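A short worksheet on the structure shown next.
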Amino acid sequence: MKTEKSSLQRLTEACLPDSIFVCFEPFETDIKKDELDLLESQSGRLLIKKMSDLFLESDEIKIFTKKNEKPKAHCEGEEVSVSFSHTTDGVAGTVSKQFNVGCDIEHANRNVHSKLVDRMKHENELESFYEQTDAIRIWTLKEAALKMIGTGLRKPMNSVWISTKGENRFAVQFDDGKKAKICSFGHKDHWISVCYQPLHA
């Protein structure tokens, strides 16, 4: 994956605050599923470093990763929130100094079994939400939210309550009562969802 940082393009959406940066970088060749774990940390960290250099004007970002924990990052001594996610053909990343962020990406045509959809549902979610929204998009909404709070899928998807707030805009409430916003949009046959709340909320 040798892509010059200048070739990175910021993905902009009306529902994303200006201080949240999102990028997608394709892999040069499709990656097999059993190779994703090996690539995950490497490619995600590399993308975040490129984004820091390009958007935060600093190549001094330090990223610390621990198994089953959200990556932590500092840029010139300042806390920065980062998140990244993979498919077999690319990596998406998000960076912000003002917001705590969580990012998830999935192929738009990926099938989600009906039994899994049932396990995703929060008791307060409307049935119409599931009728009008692709199941894989709902998956990205929920996983982005769980990544933002640092648990990932160690916490069940039915512990977060998603509601629609407008085009590409969603809200999430966690089981502890805390709330956040989500921007979800299509990009090159993928769904990308970014969950965010003020960094020190």
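Letters A, B, ... go to the chains of the structure tokens in the order shown; residues in each chain start at 1; ligands are counted from 1 in the same order.
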
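Of the residues in segment 52-85 of chain A, those given helix (DSSP H, G or I) by DSSP on the backbone are A:Ser52, A:Asp53, A:Leu54, A:Phe55.
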
task: Excluding segment 47-49 of chain A and any residue of its chain fewer than 5 positions from it, enumerate the residues within 7 Å of it, using only C-alpha atoms, and give them as a ChimeraX atom specification.
output: /A:59,61,93

**Message:** Just want the 9 Å neighbourhood of segment 173-181 of chain A, counted on only C-alpha atoms, with same-chain residues fewer than 3 positions away dropped. Output as JSON, numbers by chain.
**Reply:** {"A": [145, 159, 160, 161, 162, 163, 169, 170, 194, 195, 196, 197, 198]}

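Of the listed residues (A:Val112, A:Val117, A:Cys183, A:Cys23), A:Cys23 comes nearest to Ser85 of chain A; the distances count only C-alpha atoms.
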
Item to complete: Pick out the residues sitting within 7 Å of segment 96-106 of chain A, and hand them over as JSON, numbers by chain; count only C-alpha atoms, and ignore anything fewer than 5 positions along from it in its own chain.
Response: {"A": [19, 20, 21, 79, 80, 81, 82, 83, 84, 85, 86, 87, 140, 143, 144, 145, 147, 148, 190, 191, 192, 193, 194, 195, 196, 197, 198, 199]}

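Considering only C-alpha atoms, the residue among A:Lys70, A:Glu76, A:Gln42, A:Thr88 positioned nearest to Glu57 of chain A is A:Glu76.
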
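The smallest atom-to-atom distance between Leu16 of chain A and any of A:Leu56, A:His113, A:Glu127, A:Asn168, using only C-alpha atoms, is found for A:Asn168.
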
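Minimum atom-to-atom distances from A:Thr151, A:Asn158, A:Thr133, A:Gln9 to Ala108 of chain A were compared using only C-alpha atoms, and the lowest value belongs to A:Thr133.
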
Restricting to only C-alpha atoms, whichever of A:Leu141, A:Ile63, A:Val95, A:Leu8 is closest to Phe185 of chain A is A:Leu141

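When only C-alpha atoms are used to compute distances to Gly166 of chain A, the closest of the residues A:Ile149, A:Pro71, A:Thr65, A:Cys15 turns out to be A:Cys15.
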
task: Go through segment 22-169 of chain A and collect every residue that DSSP, computed from the backbone, puts in strand (DSSP E or B); the answer should be as a ChimeraX atom specification.
output: /A:22-26,61-64,72-75,78-87,90-96,99-107,161-166,169
